[in-house]
file my_file.cif (mmCIF, C-alpha atoms)
data_my_file
#
loop_
_atom_site.label_atom_id
_atom_site.label_comp_id
_atom_site.auth_asym_id
_atom_site.auth_seq_id
_atom_site.Cartn_x
_atom_site.Cartn_y
_atom_site.Cartn_z
CA MET A 1 81.55 -87.03 172.15
CA ASP A 2 80.67 -87.53 175.82
CA THR A 3 77.02 -87.99 174.91
CA LEU A 4 77.94 -90.97 172.73
CA LYS A 5 80.01 -92.82 175.40
CA PRO A 6 76.96 -94.54 176.96
CA LEU A 7 76.04 -95.92 173.55
CA PHE A 8 79.44 -97.48 173.01
CA SER A 9 79.80 -98.86 176.52
CA SER A 10 76.57 -100.87 176.39
CA ALA A 11 76.30 -104.24 174.67
CA PHE A 12 74.68 -104.52 171.27
CA LEU A 13 72.16 -107.22 170.63
CA PHE A 14 71.44 -108.40 167.09
CA ARG A 15 68.49 -110.65 166.32
CA ASP A 16 67.38 -112.20 163.06
CA GLN A 17 63.97 -110.91 162.14
CA PRO A 18 61.79 -112.45 159.45
CA VAL A 19 61.49 -110.18 156.46
CA SER A 20 58.76 -110.74 153.97
CA VAL A 21 59.81 -110.52 150.35
CA PRO A 22 57.44 -108.46 148.18
CA ALA A 23 55.58 -110.56 145.64
CA ASP A 24 57.18 -108.86 142.65
CA LEU A 25 60.64 -109.92 143.85
CA ARG A 26 59.77 -113.58 144.33
CA PRO A 27 61.25 -115.83 141.65
CA ILE A 28 58.08 -117.87 141.10
CA TRP A 29 56.04 -114.68 140.58
CA ARG A 30 58.55 -113.33 138.08
CA LEU A 31 58.80 -116.64 136.19
CA SER A 32 55.02 -116.89 135.95
CA LEU A 33 54.72 -113.34 134.68
CA LEU A 34 57.45 -113.96 132.10
CA MET A 35 55.56 -116.99 130.77
CA LEU A 36 52.40 -114.88 130.45
CA LEU A 37 54.28 -112.11 128.64
CA LEU A 38 55.81 -114.45 126.11
CA ASN A 39 52.57 -116.33 125.53
CA ARG A 40 50.17 -113.37 125.37
CA CYS A 41 52.08 -110.49 123.75
CA CYS A 42 54.84 -112.02 121.68
CA LYS A 43 54.42 -113.39 118.18
CA GLN A 44 55.05 -117.16 118.22
CA GLY A 45 56.23 -116.81 121.84
CA LYS A 46 59.40 -114.98 120.73
CA ALA A 47 60.65 -111.61 121.90
CA SER A 48 63.76 -109.51 122.08
CA LEU A 49 65.25 -108.64 125.43
CA GLN A 50 64.23 -105.02 124.85
CA LYS A 51 60.61 -105.97 124.27
CA LEU A 52 60.56 -108.08 127.42
CA HIS A 53 61.96 -105.15 129.40
CA VAL A 54 59.31 -102.82 127.96
CA LEU A 55 56.51 -105.25 128.81
CA ASN A 56 57.96 -105.88 132.27
CA TRP A 57 58.12 -102.12 132.88
CA ALA A 58 54.57 -101.60 131.60
CA LEU A 59 53.16 -104.14 134.03
CA ARG A 60 54.80 -102.69 137.13
CA THR A 61 52.44 -99.84 138.05
CA PRO A 62 49.08 -98.39 137.02
CA GLU A 63 50.95 -95.32 135.72
CA SER A 64 53.25 -97.35 133.49
CA ARG A 65 50.29 -99.36 132.17
CA GLN A 66 48.51 -96.10 131.33
CA ALA A 67 51.63 -94.67 129.67
CA MET A 68 51.97 -97.80 127.52
CA LEU A 69 48.33 -97.69 126.43
CA GLU A 70 48.57 -94.00 125.56
CA ALA A 71 51.65 -94.68 123.45
CA LEU A 72 50.01 -97.63 121.69
CA ASP A 73 46.85 -95.61 121.04
CA GLY A 74 48.91 -92.80 119.50
CA LEU A 75 47.96 -90.26 122.18
CA VAL A 76 51.64 -89.62 122.94
CA LYS A 77 54.88 -90.25 121.10
CA PRO A 78 56.31 -93.73 121.72
CA ASP A 79 59.56 -92.30 123.03
CA SER A 80 57.79 -90.08 125.61
CA ALA A 81 57.41 -93.01 128.03
CA LEU A 82 60.37 -93.38 130.39
CA VAL A 83 60.96 -97.14 130.25
CA ARG A 84 62.93 -98.52 133.16
CA PHE A 85 65.04 -101.61 132.67
CA ASP A 86 64.88 -104.02 135.58
CA PRO A 87 68.04 -106.09 136.21
CA ALA A 88 65.90 -108.71 137.96
CA LEU A 89 64.34 -109.55 134.57
CA ASN A 90 67.72 -110.68 133.27
CA LYS A 91 68.12 -112.94 136.29
CA THR A 92 64.60 -114.26 135.74
CA LEU A 93 65.48 -115.08 132.13
CA ASP A 94 68.58 -116.95 133.31
CA LEU A 95 66.47 -118.90 135.79
CA ALA A 96 63.84 -119.60 133.12
CA ARG A 97 66.55 -120.92 130.79
CA GLY A 98 67.87 -123.14 133.58
CA GLU A 99 64.38 -124.51 134.18
CA ASP A 100 63.85 -125.06 130.43
CA LEU A 101 60.94 -122.61 130.32
CA VAL A 102 62.54 -120.44 127.63
CA GLU A 103 65.35 -120.85 125.17
CA GLN A 104 67.70 -118.18 123.93
CA LEU A 105 67.69 -117.71 120.20
CA ASP A 106 70.14 -115.70 118.13
CA GLY A 107 71.44 -112.77 120.15
CA PRO A 108 69.25 -111.33 122.88
CA ARG A 109 66.03 -113.02 121.72
CA TYR A 110 64.02 -115.55 123.70
CA GLN A 111 61.30 -118.06 122.94
CA ILE A 112 58.96 -119.86 125.28
CA THR A 113 59.35 -123.65 125.34
CA ALA A 114 56.60 -126.27 125.51
CA LYS A 115 57.14 -126.50 129.27
CA GLY A 116 56.81 -122.72 129.63
CA LEU A 117 53.76 -122.69 127.38
CA ALA A 118 52.04 -125.28 129.58
CA ILE A 119 52.60 -123.02 132.61
CA ALA A 120 51.30 -119.97 130.75
CA GLU A 121 48.17 -121.80 129.65
CA GLU A 122 47.54 -123.06 133.18
CA LEU A 123 47.88 -119.50 134.52
CA ALA A 124 45.54 -118.17 131.83
CA LYS A 125 42.85 -120.62 132.98
CA ASP A 126 43.09 -119.45 136.59
CA GLN A 127 40.70 -116.54 137.06
CA THR A 128 42.40 -115.45 140.29
CA ALA A 129 46.05 -115.43 139.17
CA PHE A 130 47.51 -112.21 137.81
CA GLN A 131 44.08 -110.64 137.18
CA VAL A 132 45.34 -107.09 136.61
CA GLU A 133 48.31 -108.26 134.57
CA GLN A 134 46.27 -110.64 132.42
CA ASN A 135 43.66 -107.97 131.69
CA PHE A 136 46.40 -105.56 130.66
CA LEU A 137 48.13 -108.15 128.47
CA GLU A 138 44.82 -108.92 126.81
CA THR A 139 44.37 -105.22 126.07
CA ILE A 140 47.83 -104.97 124.53
CA GLY A 141 47.69 -108.27 122.68
CA SER A 142 50.12 -108.22 119.78
CA ARG A 143 49.96 -104.43 119.32
CA LEU A 144 53.39 -103.99 120.88
CA THR A 145 55.64 -104.93 117.99
CA GLU A 146 59.42 -105.03 117.87
CA SER A 147 59.41 -101.96 115.60
CA PHE A 148 57.25 -100.07 118.12
CA VAL A 149 59.67 -101.07 120.89
CA ALA A 150 62.53 -99.66 118.77
CA LYS A 151 60.62 -96.36 118.48
CA MET A 152 60.22 -96.29 122.27
CA MET A 153 63.96 -96.61 122.70
#
call {"tool": "encode", "arguments": {"input": "my_file.cif", "output": "structure tokens"}}
result
Amino acid sequence: MDTLKPLFSSAFLFRDQPVSVPADLRPIWRLSLLMLLLNRCCKQGKASLQKLHVLNWALRTPESRQAMLEALDGLVKPDSALVRFDPALNKTLDLARGEDLVEQLDGPRYQITAKGLAIAEELAKDQTAFQVEQNFLETIGSRLTESFVAKMM
């Protein structure tokens, strides 16, 4: 205890330090990615919450992208991939609804709006935005169906 006394007798100094927020936690990044998901991999721009979570998980890392492709190609069972649900996606959907980028349909289903579609199309034109993600989404296309998502769960 005597060794700790000098620590407690001296003054503490706290300073605010700038902390950079990783890109994948920034709201604008997440909203943009959500618009791409709905536009590129969802029939008529509609998807269940489960499907959006699966797509969101698949885009996160090279390993998850590989696991998704292996499942879609039939190399592994669909339920062998350990899909992680990200609570930030739910917050992103709430923000997207507030910004009129998506609308909630019956139950936990979402559809991209005209405003969201315009953003997705603008992102698709940009060759430098979301290169890895856009290439992956192009590879998946509409192969990830709601019934396949149900098999993954």
call {"tool": "resolve_selection", "arguments": {"input": "my_file.cif", "expression": "the PyMOL selection byres ((chain A and resi 37) around 12)", "output": "PyMOL selection string"}}
result
chain A and resi 30-36+38-49+51-59+89+102+110-112+116-117+119-121+123-124+130+133-138+140-142+144
call {"tool": "closest_residue", "arguments": {"input": "my_file.cif", "among": "A:Val132, A:Glu122, A:Val19, A:Pro27", "to": "Asp94 of chain A", "atoms": "all atoms listed in the file"}}
result
A:Pro27
call {"tool": "resolve_selection", "arguments": {"input": "my_file.cif", "expression": "the PyMOL selection byres ((chain A and resi 152) around 9)", "output": "MDAnalysis selection string"}}
result
chainID A and resid 54 71 77:83 147:151 153
call {"tool": "closest_residue", "arguments": {"input": "my_file.cif", "among": "A:Gln131, A:Leu75, A:Arg109, A:Asp100", "to": "Glu146 of chain A", "atoms": "only C-alpha atoms"}}
result
A:Arg109
call {"tool": "atom_distance", "arguments": {"input": "my_file.cif", "atom1": "atom CA of Ile28 of chain A", "atom2": "atom CA of Glu99 of chain A"}}
result
11.5 Å
call {"tool": "build_atoms", "arguments": {"input": "my_file.cif", "residues": "segment 104-123 of chain A", "atoms": "N, CA and C atoms", "output": "PDB file, in the frame of the given file"}}
result
ATOM      1  N   GLN A 104      67.137-119.383 124.545  1.00  0.00           N
ATOM      2  CA  GLN A 104      67.700-118.180 123.930  1.00  0.00           C
ATOM      3  C   GLN A 104      67.976-118.473 122.475  1.00  0.00           C
ATOM      4  N   LEU A 105      67.482-117.585 121.638  1.00  0.00           N
ATOM      5  CA  LEU A 105      67.690-117.710 120.200  1.00  0.00           C
ATOM      6  C   LEU A 105      68.915-116.879 119.830  1.00  0.00           C
ATOM      7  N   ASP A 106      69.025-116.525 118.594  1.00  0.00           N
ATOM      8  CA  ASP A 106      70.140-115.700 118.130  1.00  0.00           C
ATOM      9  C   ASP A 106      70.166-114.357 118.863  1.00  0.00           C
ATOM     10  N   GLY A 107      71.294-114.036 119.436  1.00  0.00           N
ATOM     11  CA  GLY A 107      71.440-112.770 120.150  1.00  0.00           C
ATOM     12  C   GLY A 107      70.530-112.694 121.356  1.00  0.00           C
ATOM     13  N   PRO A 108      70.097-111.488 121.697  1.00  0.00           N
ATOM     14  CA  PRO A 108      69.250-111.330 122.880  1.00  0.00           C
ATOM     15  C   PRO A 108      67.766-111.530 122.567  1.00  0.00           C
ATOM     16  N   ARG A 109      67.423-112.679 122.010  1.00  0.00           N
ATOM     17  CA  ARG A 109      66.030-113.020 121.720  1.00  0.00           C
ATOM     18  C   ARG A 109      65.694-114.319 122.454  1.00  0.00           C
ATOM     19  N   TYR A 110      64.459-114.401 122.913  1.00  0.00           N
ATOM     20  CA  TYR A 110      64.020-115.550 123.700  1.00  0.00           C
ATOM     21  C   TYR A 110      62.723-116.095 123.145  1.00  0.00           C
ATOM     22  N   GLN A 111      62.530-117.402 123.369  1.00  0.00           N
ATOM     23  CA  GLN A 111      61.300-118.060 122.940  1.00  0.00           C
ATOM     24  C   GLN A 111      60.836-118.988 124.054  1.00  0.00           C
ATOM     25  N   ILE A 112      59.540-118.984 124.270  1.00  0.00           N
ATOM     26  CA  ILE A 112      58.960-119.860 125.280  1.00  0.00           C
ATOM     27  C   ILE A 112      59.025-121.310 124.782  1.00  0.00           C
ATOM     28  N   THR A 113      59.296-122.230 125.687  1.00  0.00           N
ATOM     29  CA  THR A 113      59.350-123.650 125.340  1.00  0.00           C
ATOM     30  C   THR A 113      57.986-124.291 125.610  1.00  0.00           C
ATOM     31  N   ALA A 114      57.856-125.551 125.260  1.00  0.00           N
ATOM     32  CA  ALA A 114      56.600-126.270 125.510  1.00  0.00           C
ATOM     33  C   ALA A 114      56.296-126.312 127.010  1.00  0.00           C
ATOM     34  N   LYS A 115      57.318-126.481 127.808  1.00  0.00           N
ATOM     35  CA  LYS A 115      57.140-126.500 129.270  1.00  0.00           C
ATOM     36  C   LYS A 115      56.651-125.134 129.767  1.00  0.00           C
ATOM     37  N   GLY A 116      57.234-124.069 129.256  1.00  0.00           N
ATOM     38  CA  GLY A 116      56.810-122.720 129.630  1.00  0.00           C
ATOM     39  C   GLY A 116      55.401-122.417 129.144  1.00  0.00           C
ATOM     40  N   LEU A 117      55.086-122.890 127.947  1.00  0.00           N
ATOM     41  CA  LEU A 117      53.760-122.690 127.380  1.00  0.00           C
ATOM     42  C   LEU A 117      52.689-123.380 128.224  1.00  0.00           C
ATOM     43  N   ALA A 118      52.998-124.567 128.721  1.00  0.00           N
ATOM     44  CA  ALA A 118      52.040-125.280 129.580  1.00  0.00           C
ATOM     45  C   ALA A 118      51.759-124.477 130.847  1.00  0.00           C
ATOM     46  N   ILE A 119      52.789-123.862 131.409  1.00  0.00           N
ATOM     47  CA  ILE A 119      52.600-123.020 132.610  1.00  0.00           C
ATOM     48  C   ILE A 119      51.759-121.803 132.276  1.00  0.00           C
ATOM     49  N   ALA A 120      52.057-121.152 131.151  1.00  0.00           N
ATOM     50  CA  ALA A 120      51.300-119.970 130.750  1.00  0.00           C
ATOM     51  C   ALA A 120      49.831-120.291 130.527  1.00  0.00           C
ATOM     52  N   GLU A 121      49.557-121.405 129.898  1.00  0.00           N
ATOM     53  CA  GLU A 121      48.170-121.800 129.650  1.00  0.00           C
ATOM     54  C   GLU A 121      47.444-122.130 130.951  1.00  0.00           C
ATOM     55  N   GLU A 122      48.141-122.744 131.873  1.00  0.00           N
ATOM     56  CA  GLU A 122      47.540-123.060 133.180  1.00  0.00           C
ATOM     57  C   GLU A 122      47.218-121.761 133.932  1.00  0.00           C
ATOM     58  N   LEU A 123      48.125-120.793 133.871  1.00  0.00           N
ATOM     59  CA  LEU A 123      47.880-119.500 134.520  1.00  0.00           C
ATOM     60  C   LEU A 123      46.714-118.762 133.867  1.00  0.00           C
TER      61      LEU A 123
END
